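The data block below is upload_23.pdb; it holds PDB, C-alpha atoms and all ligand atoms.
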ATOM      1  CA  MET A   9     108.944 114.383 122.873
ATOM      2  CA  LYS A  10     105.358 113.469 122.129
ATOM      3  CA  LYS A  11     104.751 110.991 119.348
ATOM      4  CA  PRO A  12     102.226 111.808 116.642
ATOM      5  CA  LYS A  13      98.890 110.111 117.260
ATOM      6  CA  ILE A  14      98.111 110.229 113.552
ATOM      7  CA  LYS A  15     100.776 110.361 110.872
ATOM      8  CA  ILE A  16     100.038 110.788 107.185
ATOM      9  CA  GLN A  17     102.983 110.408 104.844
ATOM     10  CA  ASN A  18     102.908 111.312 101.157
ATOM     11  CA  LEU A  19      99.281 110.303 100.819
ATOM     12  CA  THR A  20      98.032 110.291  97.235
ATOM     13  CA  LYS A  21      94.671 109.027  96.079
ATOM     14  CA  TYR A  22      93.522 109.062  92.492
ATOM     15  CA  TYR A  23      90.111 107.858  91.348
ATOM     16  CA  GLY A  24      91.190 106.607  87.948
ATOM     17  CA  LYS A  25      92.602 109.759  86.373
ATOM     18  CA  SER A  26      90.729 112.047  88.706
ATOM     19  CA  ARG A  27      92.624 113.640  91.598
ATOM     20  CA  GLY A  28      91.427 113.044  95.143
ATOM     21  CA  ILE A  29      94.441 114.123  97.230
ATOM     22  CA  GLU A  30      98.104 114.525  96.294
ATOM     23  CA  ASN A  31     101.234 113.950  98.332
ATOM     24  CA  LEU A  32      99.765 114.986 101.675
ATOM     25  CA  SER A  33     101.944 114.696 104.785
ATOM     26  CA  LEU A  34     100.667 115.653 108.241
ATOM     27  CA  GLU A  35     101.340 114.809 111.867
ATOM     28  CA  ILE A  36      98.602 115.164 114.444
ATOM     29  CA  MET A  37      99.744 115.128 118.052
ATOM     30  CA  GLU A  38      98.045 113.548 121.035
ATOM     31  CA  GLY A  39      95.475 115.798 122.680
ATOM     32  CA  GLU A  40      95.132 118.370 119.937
ATOM     33  CA  ILE A  41      92.122 119.453 117.941
ATOM     34  CA  PHE A  42      93.420 119.575 114.404
ATOM     35  CA  GLY A  43      91.357 121.358 111.764
ATOM     36  CA  PHE A  44      91.444 120.154 108.165
ATOM     37  CA  LEU A  45      90.166 123.038 106.154
ATOM     38  CA  GLY A  46      89.430 123.254 102.451
ATOM     39  CA  PRO A  47      86.746 124.265  99.970
ATOM     40  CA  ASN A  48      84.420 121.787  98.213
ATOM     41  CA  GLY A  49      86.306 119.137  96.293
ATOM     42  CA  ALA A  50      89.635 119.902  98.002
ATOM     43  CA  GLY A  51      90.143 116.285  99.116
ATOM     44  CA  LYS A  52      89.012 116.266 102.774
ATOM     45  CA  THR A  53      86.656 113.283 102.557
ATOM     46  CA  THR A  54      89.142 111.372 100.403
ATOM     47  CA  THR A  55      91.855 111.827 103.054
ATOM     48  CA  ILE A  56      89.529 110.858 105.901
ATOM     49  CA  ARG A  57      88.291 107.739 104.090
ATOM     50  CA  CYS A  58      91.905 106.659 103.620
ATOM     51  CA  MET A  59      92.553 107.291 107.337
ATOM     52  CA  ILE A  60      89.761 105.012 108.436
ATOM     53  CA  ASN A  61      90.598 102.398 105.841
ATOM     54  CA  ILE A  62      87.508 102.497 103.658
ATOM     55  CA  LEU A  63      89.551 103.763 100.706
ATOM     56  CA  LEU A  64      92.861 102.330  99.596
ATOM     57  CA  PRO A  65      95.472 105.037  98.873
ATOM     58  CA  THR A  66      97.121 105.081  95.460
ATOM     59  CA  SER A  67     100.387 105.661  97.334
ATOM     60  CA  GLY A  68     101.615 106.811 100.718
ATOM     61  CA  ASN A  69     100.994 105.591 104.249
ATOM     62  CA  ILE A  70      99.007 106.414 107.351
ATOM     63  CA  TRP A  71      99.784 105.440 110.947
ATOM     64  CA  ILE A  72      97.253 105.668 113.743
ATOM     65  CA  ASN A  73      98.554 105.186 117.274
ATOM     66  CA  GLY A  74     101.798 103.938 115.733
ATOM     67  CA  ASN A  75     100.015 101.213 113.721
ATOM     68  CA  LYS A  76     100.146 101.330 109.959
ATOM     69  CA  VAL A  77      96.648 101.409 108.472
ATOM     70  CA  THR A  78      96.222  98.364 106.231
ATOM     71  CA  ARG A  79      93.439  95.986 105.299
ATOM     72  CA  LYS A  80      94.971  93.504 107.739
ATOM     73  CA  ASN A  81      94.349  95.464 110.935
ATOM     74  CA  PRO A  82      90.726  96.614 111.031
ATOM     75  CA  GLU A  83      90.962  96.576 114.863
ATOM     76  CA  ILE A  84      92.545 100.073 114.633
ATOM     77  CA  ARG A  85      88.959 101.272 114.123
ATOM     78  CA  GLU A  86      87.983 100.195 117.675
ATOM     79  CA  ASN A  87      89.731 103.242 119.079
ATOM     80  CA  ILE A  88      88.371 105.686 116.528
ATOM     81  CA  GLY A  89      85.123 107.608 116.527
ATOM     82  CA  TYR A  90      84.298 108.405 112.902
ATOM     83  CA  ILE A  91      81.581 110.769 111.797
ATOM     84  CA  PRO A  92      81.109 110.581 108.024
ATOM     85  CA  GLY A  93      80.157 113.610 105.928
ATOM     86  CA  GLU A  94      77.040 111.896 104.669
ATOM     87  CA  PHE A  95      75.060 109.323 106.582
ATOM     88  CA  ILE A  96      73.477 106.275 105.120
ATOM     89  CA  LEU A  97      71.510 104.851 108.014
ATOM     90  CA  PRO A  98      69.038 101.954 108.011
ATOM     91  CA  GLU A  99      65.672 103.694 107.664
ATOM     92  CA  ASN A 100      63.632 100.868 109.205
ATOM     93  CA  TYR A 101      65.502 100.742 112.491
ATOM     94  CA  THR A 102      64.437 102.813 115.454
ATOM     95  CA  VAL A 103      67.159 105.022 116.911
ATOM     96  CA  ASN A 104      67.546 102.602 119.845
ATOM     97  CA  GLU A 105      67.732  99.541 117.609
ATOM     98  CA  PHE A 106      70.384 101.185 115.458
ATOM     99  CA  LEU A 107      72.529 102.223 118.445
ATOM    100  CA  SER A 108      72.279  98.673 119.872
ATOM    101  CA  TYR A 109      73.269  97.248 116.496
ATOM    102  CA  ILE A 110      76.410  99.411 116.402
ATOM    103  CA  GLN A 111      77.110  98.645 120.080
ATOM    104  CA  ASN A 112      77.006  94.902 119.391
ATOM    105  CA  MET A 113      79.424  95.187 116.477
ATOM    106  CA  ARG A 114      82.099  96.728 118.696
ATOM    107  CA  LYS A 115      84.338  95.117 121.269
ATOM    108  CA  ASN A 116      84.473  98.270 123.371
ATOM    109  CA  PRO A 117      81.437  98.916 125.589
ATOM    110  CA  SER A 118      79.197 101.904 124.844
ATOM    111  CA  LYS A 119      79.745 103.581 128.179
ATOM    112  CA  ARG A 120      78.610 107.022 127.021
ATOM    113  CA  ARG A 121      75.471 105.944 125.170
ATOM    114  CA  ASN A 122      72.854 107.154 127.676
ATOM    115  CA  GLU A 123      74.651 110.398 128.402
ATOM    116  CA  LEU A 124      75.000 111.271 124.704
ATOM    117  CA  VAL A 125      71.427 110.244 123.843
ATOM    118  CA  GLU A 126      70.260 112.719 126.484
ATOM    119  CA  ARG A 127      72.683 115.427 125.535
ATOM    120  CA  PHE A 128      71.674 115.382 121.893
ATOM    121  CA  THR A 129      67.990 114.791 122.769
ATOM    122  CA  LEU A 130      67.637 111.784 120.464
ATOM    123  CA  PRO A 131      64.099 110.544 119.834
ATOM    124  CA  GLN A 132      64.947 106.960 120.814
ATOM    125  CA  LYS A 133      61.774 105.198 119.692
ATOM    126  CA  LYS A 134      61.396 106.886 116.315
ATOM    127  CA  LYS A 135      62.291 105.140 113.075
ATOM    128  CA  ILE A 136      65.407 106.608 111.483
ATOM    129  CA  GLY A 137      63.554 107.015 108.181
ATOM    130  CA  GLU A 138      61.177 109.470 109.876
ATOM    131  CA  LEU A 139      63.921 111.745 111.206
ATOM    132  CA  SER A 140      64.940 115.136 109.841
ATOM    133  CA  LYS A 141      68.427 115.556 108.330
ATOM    134  CA  GLY A 142      69.742 117.198 111.511
ATOM    135  CA  ASN A 143      68.319 114.434 113.708
ATOM    136  CA  LYS A 144      69.913 111.769 111.514
ATOM    137  CA  GLN A 145      73.183 113.654 111.905
ATOM    138  CA  LYS A 146      72.757 113.535 115.681
ATOM    139  CA  VAL A 147      72.213 109.759 115.590
ATOM    140  CA  GLY A 148      75.468 109.461 113.632
ATOM    141  CA  ILE A 149      77.313 111.576 116.192
ATOM    142  CA  VAL A 150      76.092 109.497 119.144
ATOM    143  CA  ALA A 151      76.819 106.216 117.326
ATOM    144  CA  ALA A 152      80.350 107.431 116.542
ATOM    145  CA  LEU A 153      81.203 108.608 120.035
ATOM    146  CA  MET A 154      79.290 106.384 122.484
ATOM    147  CA  HIS A 155      82.217 103.941 122.947
ATOM    148  CA  ASP A 156      84.341 106.875 124.137
ATOM    149  CA  PRO A 157      87.091 106.526 121.514
ATOM    150  CA  GLU A 158      90.594 107.920 121.973
ATOM    151  CA  ILE A 159      90.728 109.403 118.479
ATOM    152  CA  LEU A 160      87.915 111.316 116.804
ATOM    153  CA  ILE A 161      87.894 111.656 113.024
ATOM    154  CA  LEU A 162      85.075 113.917 111.956
ATOM    155  CA  ASP A 163      84.120 114.844 108.410
ATOM    156  CA  GLU A 164      82.319 118.204 108.528
ATOM    157  CA  PRO A 165      80.396 117.145 111.630
ATOM    158  CA  THR A 166      78.507 120.412 112.122
ATOM    159  CA  SER A 167      77.007 120.696 108.645
ATOM    160  CA  GLY A 168      73.244 120.267 108.972
ATOM    161  CA  LEU A 169      73.177 121.057 112.711
ATOM    162  CA  ASP A 170      71.397 124.140 114.002
ATOM    163  CA  PRO A 171      73.517 126.687 115.931
ATOM    164  CA  LEU A 172      72.553 125.276 119.355
ATOM    165  CA  LEU A 173      73.583 121.759 118.429
ATOM    166  CA  GLN A 174      76.734 123.018 116.738
ATOM    167  CA  GLN A 175      77.590 124.631 120.051
ATOM    168  CA  GLU A 176      76.823 121.376 121.899
ATOM    169  CA  LEU A 177      79.213 119.536 119.596
ATOM    170  CA  TYR A 178      81.959 122.172 120.042
ATOM    171  CA  THR A 179      81.552 121.847 123.829
ATOM    172  CA  LEU A 180      81.799 118.064 123.562
ATOM    173  CA  LEU A 181      84.952 118.321 121.435
ATOM    174  CA  LEU A 182      86.608 120.760 123.838
ATOM    175  CA  GLU A 183      85.763 118.434 126.763
ATOM    176  CA  SER A 184      87.208 115.496 124.817
ATOM    177  CA  LYS A 185      90.403 117.457 124.273
ATOM    178  CA  LYS A 186      90.645 118.076 128.031
ATOM    179  CA  GLU A 187      90.360 114.317 128.542
ATOM    180  CA  GLY A 188      93.411 113.927 126.294
ATOM    181  CA  LYS A 189      91.629 112.768 123.162
ATOM    182  CA  THR A 190      92.925 113.583 119.707
ATOM    183  CA  ILE A 191      90.523 115.157 117.246
ATOM    184  CA  PHE A 192      90.860 115.487 113.469
ATOM    185  CA  PHE A 193      88.090 117.707 112.225
ATOM    186  CA  SER A 194      87.356 118.655 108.619
ATOM    187  CA  SER A 195      85.484 121.804 107.745
ATOM    188  CA  HIS A 196      85.104 124.510 105.158
ATOM    189  CA  ASN A 197      84.149 126.993 107.810
ATOM    190  CA  LEU A 198      87.134 129.120 108.816
ATOM    191  CA  SER A 199      85.472 130.697 111.845
ATOM    192  CA  GLU A 200      84.508 127.384 113.472
ATOM    193  CA  VAL A 201      88.051 126.125 113.009
ATOM    194  CA  GLN A 202      89.358 129.375 114.514
ATOM    195  CA  ARG A 203      87.102 128.813 117.512
ATOM    196  CA  ILE A 204      87.983 125.296 118.515
ATOM    197  CA  CYS A 205      91.164 124.053 116.845
ATOM    198  CA  ASP A 206      94.765 124.192 118.058
ATOM    199  CA  ARG A 207      96.290 123.815 114.614
ATOM    200  CA  VAL A 208      94.962 123.798 111.118
ATOM    201  CA  ALA A 209      95.993 122.358 107.759
ATOM    202  CA  ILE A 210      94.606 124.168 104.744
ATOM    203  CA  ILE A 211      94.190 122.259 101.509
ATOM    204  CA  LYS A 212      93.119 123.369  98.091
ATOM    205  CA  GLU A 213      92.634 121.304  94.940
ATOM    206  CA  GLY A 214      94.166 118.231  96.536
ATOM    207  CA  THR A 215      97.310 119.963  97.761
ATOM    208  CA  LEU A 216      98.422 121.136 101.182
ATOM    209  CA  VAL A 217      98.687 124.926 101.246
ATOM    210  CA  LYS A 218      99.772 125.473 104.836
ATOM    211  CA  VAL A 219      99.832 124.069 108.370
ATOM    212  CA  GLU A 220      99.468 126.729 111.018
ATOM    213  CA  GLU A 221      99.018 127.174 114.756
ATOM    214  CA  ILE A 222      95.588 128.686 115.190
ATOM    215  CA  HIS A 223      96.878 131.749 117.057
ATOM    216  CA  THR A 224      99.227 132.499 114.145
ATOM    217  CA  LEU A 225      96.370 132.135 111.696
ATOM    218  CA  ASN A 226      94.149 134.337 113.872
ATOM    219  CA  LYS A 227      96.858 136.988 113.888
ATOM    220  CA  ASN A 228      97.367 136.890 110.147
ATOM    221  CA  VAL A 229      93.917 136.382 108.785
ATOM    222  CA  SER A 230      92.084 139.409 107.438
ATOM    223  CA  ARG A 231      88.394 140.114 107.760
ATOM    224  CA  LYS A 232      86.292 141.838 105.197
ATOM    225  CA  LEU A 233      84.503 145.000 106.208
ATOM    226  CA  GLU A 234      81.561 145.673 103.931
ATOM    227  CA  VAL A 235      80.216 149.196 103.645
ATOM    228  CA  GLN A 236      77.625 150.895 101.511
ATOM    229  CA  LEU A 237      78.524 154.520 100.758
ATOM    230  CA  LYS A 238      76.581 157.092  98.750
ATOM    231  CA  HIS A 239      79.599 158.220  96.747
ATOM    232  CA  PRO A 240      82.573 155.979  97.466
ATOM    233  CA  ASN A 241      85.814 157.758  96.780
ATOM    234  CA  GLU A 242      88.788 155.496  96.338
ATOM    235  CA  GLU A 243      91.378 158.140  97.157
ATOM    236  CA  GLN A 244      89.618 159.157 100.356
ATOM    237  CA  LEU A 245      89.310 155.537 101.434
ATOM    238  CA  ARG A 246      92.960 154.849 100.730
ATOM    239  CA  ALA A 247      93.875 157.912 102.759
ATOM    240  CA  LEU A 248      92.162 156.216 105.731
ATOM    241  CA  GLY A 249      94.507 153.262 105.339
ATOM    242  CA  ALA A 250      92.282 150.891 103.394
ATOM    243  CA  ASN A 251      94.829 149.070 101.278
ATOM    244  CA  LEU A 252      93.037 146.032  99.980
ATOM    245  CA  LEU A 253      89.893 147.452  98.654
ATOM    246  CA  GLU A 254      87.204 146.616  96.140
ATOM    247  CA  ILE A 255      84.549 149.066  94.950
ATOM    248  CA  GLN A 256      81.461 147.903  93.082
ATOM    249  CA  GLY A 257      78.884 150.655  92.612
ATOM    250  CA  ASP A 258      78.083 151.964  96.076
ATOM    251  CA  LYS A 259      79.390 148.814  97.797
ATOM    252  CA  VAL A 260      82.906 148.824  99.169
ATOM    253  CA  SER A 261      84.696 145.874 100.706
ATOM    254  CA  ILE A 262      87.873 146.414 102.641
ATOM    255  CA  LEU A 263      90.219 143.738 103.937
ATOM    256  CA  VAL A 264      91.223 144.529 107.497
ATOM    257  CA  PRO A 265      94.077 142.535 109.062
ATOM    258  CA  GLN A 266      92.705 140.913 112.216
ATOM    259  CA  SER A 267      95.743 142.102 114.147
ATOM    260  CA  ALA A 268      95.037 145.757 113.294
ATOM    261  CA  SER A 269      92.938 147.936 115.515
ATOM    262  CA  ILE A 270      89.860 148.790 113.532
ATOM    263  CA  LYS A 271      88.625 151.555 115.854
ATOM    264  CA  PRO A 272      90.346 154.663 114.417
ATOM    265  CA  PHE A 273      89.621 153.464 110.922
ATOM    266  CA  LEU A 274      85.934 152.950 111.703
ATOM    267  CA  GLU A 275      85.670 156.357 113.368
ATOM    268  CA  ASN A 276      86.904 158.031 110.200
ATOM    269  CA  LEU A 277      84.774 155.820 108.008
ATOM    270  CA  LEU A 278      81.651 156.741 109.970
ATOM    271  CA  LEU A 279      82.283 160.389 109.030
ATOM    272  CA  MET A 280      81.537 159.308 105.445
ATOM    273  CA  GLU A 281      78.016 158.397 106.657
ATOM    274  CA  PRO A 282      77.762 154.809 105.425
ATOM    275  CA  GLU A 283      74.230 153.543 104.796
ATOM    276  CA  GLU A 284      75.082 150.008 105.858
ATOM    277  CA  LEU A 285      78.069 148.422 107.468
ATOM    278  CA  SER A 286      78.817 144.781 108.239
ATOM    279  CA  TYR A 287      81.862 143.005 109.600
ATOM    280  CA  PRO A 288      81.231 139.265 109.170
ATOM    281  CA  PRO A 289      83.688 136.633 110.424
ATOM    282  CA  ALA A 290      86.514 135.866 107.997
ATOM    283  CA  SER A 291      85.682 133.182 105.449
ATOM    284  CA  LEU A 292      87.925 130.643 103.814
ATOM    285  CA  GLU A 293      87.605 132.591 100.550
ATOM    286  CA  ASP A 294      88.876 135.760 102.267
ATOM    287  CA  TYR A 295      91.775 133.773 103.669
ATOM    288  CA  PHE A 296      92.745 132.389 100.275
ATOM    289  CA  MET A 297      92.437 135.809  98.663
ATOM    290  CA  GLN A 298      94.751 137.332 101.229
ATOM    291  CA  PHE A 299      97.100 134.352 101.173
ATOM    292  CA  TYR A 300      97.579 134.512  97.417
ATOM    293  CA  LYS A 301      97.937 138.296  97.493
ATOM    294  CA  THR A 302     100.701 138.119 100.090
ATOM    295  CA  GLN A 303     102.459 135.301  98.206
ATOM    296  CA  LYS A 304     103.040 137.489  95.153
TER     297      LYS A 304
HETATM  298  N1  LIG B   1      84.262 108.167  94.097
HETATM  299  C1  LIG B   1      84.855 109.117  93.393
HETATM  300  N2  LIG B   1      85.126 108.961  92.076
HETATM  301  C2  LIG B   1      85.748 109.918  91.350
HETATM  302  N3  LIG B   1      86.164 111.099  91.862
HETATM  303  C3  LIG B   1      85.927 111.320  93.145
HETATM  304  C4  LIG B   1      85.263 110.360  93.998
HETATM  305  N4  LIG B   1      85.182 110.876  95.238
HETATM  306  C5  LIG B   1      85.755 112.084  95.180
HETATM  307  N5  LIG B   1      86.209 112.358  93.941
HETATM  308  C6  LIG B   1      86.908 113.591  93.503
HETATM  309  O1  LIG B   1      88.002 113.818  94.372
HETATM  310  C7  LIG B   1      88.137 115.211  94.645
HETATM  311  C8  LIG B   1      88.133 115.413  96.145
HETATM  312  O2  LIG B   1      86.851 115.082  96.657
HETATM  313  P1  LIG B   1      86.503 115.019  98.197
HETATM  314  O3  LIG B   1      85.139 114.439  98.325
HETATM  315  O4  LIG B   1      87.612 114.347  98.914
HETATM  316  O5  LIG B   1      86.495 116.579  98.563
HETATM  317  P2  LIG B   1      86.021 117.313  99.890
HETATM  318  O6  LIG B   1      87.118 118.227 100.281
HETATM  319  O7  LIG B   1      85.539 116.329 100.885
HETATM  320  O8  LIG B   1      84.794 118.200  99.365
HETATM  321  P3  LIG B   1      83.418 118.637 100.093
HETATM  322  O9  LIG B   1      83.743 119.851 100.932
HETATM  323  O10 LIG B   1      82.530 118.993  98.955
HETATM  324  O11 LIG B   1      82.911 117.472 100.900
HETATM  325  C9  LIG B   1      86.997 115.895  93.936
HETATM  326  O12 LIG B   1      87.480 116.454  92.740
HETATM  327  C10 LIG B   1      86.006 114.797  93.658
HETATM  328  O13 LIG B   1      85.299 115.034  92.480
HETATM  329 MG    MG B   2      83.725 115.981 101.829
END

Represent the structure contained in this file as structure tokens.
Ligand SMILES: Nc1ncnc2c1ncn2[C@@H]1O[C@H](COP(=O)(O)OP(=O)(O)OP(=O)(O)O)[C@@H](O)[C@H]1O
Ligand SMILES: [Mg+2]
Amino acid sequence: MKKPKIKIQNLTKYYGKSRGIENLSLEIMEGEIFGFLGPNGAGKTTTIRCMINILLPTSGNIWINGNKVTRKNPEIRENIGYIPGEFILPENYTVNEFLSYIQNMRKNPSKRRNELVERFTLPQKKKIGELSKGNKQKVGIVAALMHDPEILILDEPTSGLDPLLQQELYTLLLESKKEGKTIFFSSHNLSEVQRICDRVAIIKEGTLVKVEEIHTLNKNVSRKLEVQLKHPNEEQLRALGANLLEIQGDKVSILVPQSASIKPFLENLLLMEPEELSYPPASLEDYFMQFYKTQK
């Protein structure tokens, strides 16, 4: 049996009286991409900061590679690539100077530095203070991953990246998984987690809601079909099989289980001559709505 690469046991962190995360237990196995999904303020950053030992838990324990995370063993960090949610980078350094500074602080050599600098098209000679938000984010990504760590802990790493760079990062993460690396990835974007993760933990208000294999989640999650109809008729729509339905003026939103075939339903709906129709990817809000509905 494989051992967990990361183990979190009954992790609780309070900031004074204010809740960060409560009684969280998770096991992340070697070689998996594990999504950590939750809305703003759910406790993702708090958990990650405890994992990489920049926050002391109120109670509970974390093991990385079998070693308990404590103030006494900062060397655990050598094998981790950490991308923080918000970067505070030295504005006066050039990109190259900053990467060399990080390289010199580590014991492990930066064997992927040149490759990643090219891949993320980093402007090496520019001062960090002159970079756009997305470019700063890219510097953080390269700095976090250039020593080719075994474990990647990423706090919303795609926020601030344009779609092309998001894709580049997804590709890099999937390659890393193939190389056997373990990736813990926080997000509030359900569709990106659905795309690249093997399993996902969903948290809300500091508490674990569910841990699921991604193919189970994909099967169960509903998507919202949004239609604009001249005269929406609830009875008619229900007769088509639209169970979870919301009508506001001429706008109708219908929750469609992802496992259901939408084709016959759409064919009948088109007979009602909708003015507009959209079928966006499922969002975390849709997931929660459906989850709480089915829990009743
Ligand atoms: N330094 C702090 N002092 C007091 N409360 C804090 C502190 N940091 C976080 N919190 C609180 O802890 C809770 C969890 O915050 P956290 O930053 O972990 O959420 P998050 O899931 O990362 O959210 P986001 O998606 O917005 O980044 C929030 O209610 C937040 O207000
Ligand atoms: Mg956060």

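Once the PyMOL selection byres (((not hetatm)) within 6 of (chain B and resi 2)) is applied to the shown structure, the selection contains A:Lys52, A:Thr53, A:Gly93.
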
Please write out, as lines of an AutoDock Vina configuration file, where the centre of an axis-aligned box around all listed atoms of ligand LIG 1 (chain B) lies and how long its edges are, in Å to one decimal, after adding 5 Å on each side.
center_x = 85.3
center_y = 114.0
center_z = 96.1
size_x = 15.6
size_y = 21.7
size_z = 19.6

All residues 12 Å or closer to Ile96 (chain A), only C-alpha atoms, same chain fewer than 5 positions away omitted, as a list in words: Ile91, Phe106, Ile136, Gly137, Lys141, Lys144, Gln145, Val147 and Gly148 of chain A

Ligand LIG 1 (chain B) neighbours within 12 Å using all atoms listed in the file, as a ChimeraX atom specification: /A:20-30,44-58,62-64,92-94,162-165,167,193-197,210-216,292

Give me a file of those residues, with C-alpha atoms, as a short mmCIF file (atom, residue, chain, number, x, y, z; two decimals), keeping the file's coordinate frame.
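Dumped to result13.cif:
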data_model
loop_
_atom_site.label_atom_id
_atom_site.label_comp_id
_atom_site.auth_asym_id
_atom_site.auth_seq_id
_atom_site.Cartn_x
_atom_site.Cartn_y
_atom_site.Cartn_z
CA THR A 20 98.03 110.29 97.24
CA LYS A 21 94.67 109.03 96.08
CA TYR A 22 93.52 109.06 92.49
CA TYR A 23 90.11 107.86 91.35
CA GLY A 24 91.19 106.61 87.95
CA LYS A 25 92.60 109.76 86.37
CA SER A 26 90.73 112.05 88.71
CA ARG A 27 92.62 113.64 91.60
CA GLY A 28 91.43 113.04 95.14
CA ILE A 29 94.44 114.12 97.23
CA GLU A 30 98.10 114.52 96.29
CA PHE A 44 91.44 120.15 108.16
CA LEU A 45 90.17 123.04 106.15
CA GLY A 46 89.43 123.25 102.45
CA PRO A 47 86.75 124.26 99.97
CA ASN A 48 84.42 121.79 98.21
CA GLY A 49 86.31 119.14 96.29
CA ALA A 50 89.64 119.90 98.00
CA GLY A 51 90.14 116.28 99.12
CA LYS A 52 89.01 116.27 102.77
CA THR A 53 86.66 113.28 102.56
CA THR A 54 89.14 111.37 100.40
CA THR A 55 91.86 111.83 103.05
CA ILE A 56 89.53 110.86 105.90
CA ARG A 57 88.29 107.74 104.09
CA CYS A 58 91.90 106.66 103.62
CA ILE A 62 87.51 102.50 103.66
CA LEU A 63 89.55 103.76 100.71
CA LEU A 64 92.86 102.33 99.60
CA PRO A 92 81.11 110.58 108.02
CA GLY A 93 80.16 113.61 105.93
CA GLU A 94 77.04 111.90 104.67
CA LEU A 162 85.08 113.92 111.96
CA ASP A 163 84.12 114.84 108.41
CA GLU A 164 82.32 118.20 108.53
CA PRO A 165 80.40 117.14 111.63
CA SER A 167 77.01 120.70 108.64
CA PHE A 193 88.09 117.71 112.22
CA SER A 194 87.36 118.66 108.62
CA SER A 195 85.48 121.80 107.74
CA HIS A 196 85.10 124.51 105.16
CA ASN A 197 84.15 126.99 107.81
CA ILE A 210 94.61 124.17 104.74
CA ILE A 211 94.19 122.26 101.51
CA LYS A 212 93.12 123.37 98.09
CA GLU A 213 92.63 121.30 94.94
CA GLY A 214 94.17 118.23 96.54
CA THR A 215 97.31 119.96 97.76
CA LEU A 216 98.42 121.14 101.18
CA LEU A 292 87.92 130.64 103.81
#

Option closest in space to Gln111 (chain A), from A:Glu126, A:Asn81, A:Asp156, A:Glu242 [counting all atoms listed in the file]: A:Asp156

Spatial neighbours of Lys189 (chain A), max dist 7 Å, all atoms listed in the file, sep filter under 2 positions, as number ranges by chain: A: 38-39, 158-159, 184-185, 187, 191

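Between Lys134 (chain A) and the candidates A:Asn75, A:Asn122, A:Asn100, A:Ser199, the tightest atom-to-atom separation, counting all atoms listed in the file, involves A:Asn100.
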
Contacts of Glu176 (chain A) within 9 Å, only C-alpha atoms, excl. fewer than 5 positions in-chain, as number ranges by chain: A: 127-128, 171, 181

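Here CA of Tyr90 (chain A) stands at a distance of 28.4 Å from CA of Phe296 (chain A).
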
Counting all atoms listed in the file, the option among A:Met154, A:Ile222, A:Ile36, A:Leu173 closest to Glu86 (chain A): A:Met154

If we count all atoms listed in the file, what is near Asn276 (chain A) at a cut-off of 12 Å, once residues fewer than 2 positions away on the same chain are taken out, given as a PDB file with C-alpha atoms, in the frame of the given file?
ATOM      1  CA  GLN A 244      89.618 159.157 100.356  1.00  0.00           C
ATOM      2  CA  LEU A 245      89.310 155.537 101.434  1.00  0.00           C
ATOM      3  CA  ARG A 246      92.960 154.849 100.730  1.00  0.00           C
ATOM      4  CA  ALA A 247      93.875 157.912 102.759  1.00  0.00           C
ATOM      5  CA  LEU A 248      92.162 156.216 105.731  1.00  0.00           C
ATOM      6  CA  GLY A 249      94.507 153.262 105.339  1.00  0.00           C
ATOM      7  CA  ALA A 250      92.282 150.891 103.394  1.00  0.00           C
ATOM      8  CA  ILE A 270      89.860 148.790 113.532  1.00  0.00           C
ATOM      9  CA  LYS A 271      88.625 151.555 115.854  1.00  0.00           C
ATOM     10  CA  PRO A 272      90.346 154.663 114.417  1.00  0.00           C
ATOM     11  CA  PHE A 273      89.621 153.464 110.922  1.00  0.00           C
ATOM     12  CA  LEU A 274      85.934 152.950 111.703  1.00  0.00           C
ATOM     13  CA  LEU A 278      81.651 156.741 109.970  1.00  0.00           C
ATOM     14  CA  LEU A 279      82.283 160.389 109.030  1.00  0.00           C
ATOM     15  CA  MET A 280      81.537 159.308 105.445  1.00  0.00           C
ATOM     16  CA  GLU A 281      78.016 158.397 106.657  1.00  0.00           C
ATOM     17  CA  PRO A 282      77.762 154.809 105.425  1.00  0.00           C
TER      18      PRO A 282
END

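When all atoms listed in the file are used to measure the gap to Ile161 (chain A), the shortest distance among A:Ile70, A:Met59, A:Leu182, A:Ile262 belongs to A:Met59.
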
Pick from A:Ile16, A:Pro98, A:Leu34, A:Asn226 nearest to Ser67 (chain A), counting all atoms listed in the file: A:Ile16

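Distances to Ile255 (chain A) were evaluated for A:His239, A:Arg79, A:Arg231, A:Arg121 using all atoms listed in the file, and the minimum falls at A:His239.
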
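The gap separating CA of Glu40 (chain A) from CA of Lys13 (chain A) is 9.5 Å, in Å to one decimal.
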
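Picture a line from CA of Met113 (chain A) to CA of Gly142 (chain A); it runs 24.6 Å.
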
Point (98.7, 129.9, 109.4) neighbourhood (10 Å, all atoms listed in the file) written as a ChimeraX atom specification: /A:207-210,217-229,295,299

Selection under test: the PyMOL selection byres (((chain A and resi 263) around 7) and not hetatm); residues as a list in words: Ser230, Arg231, Lys232, Leu233, Leu252, Leu253, Ser261, Ile262, Val264 and Pro265 of chain A
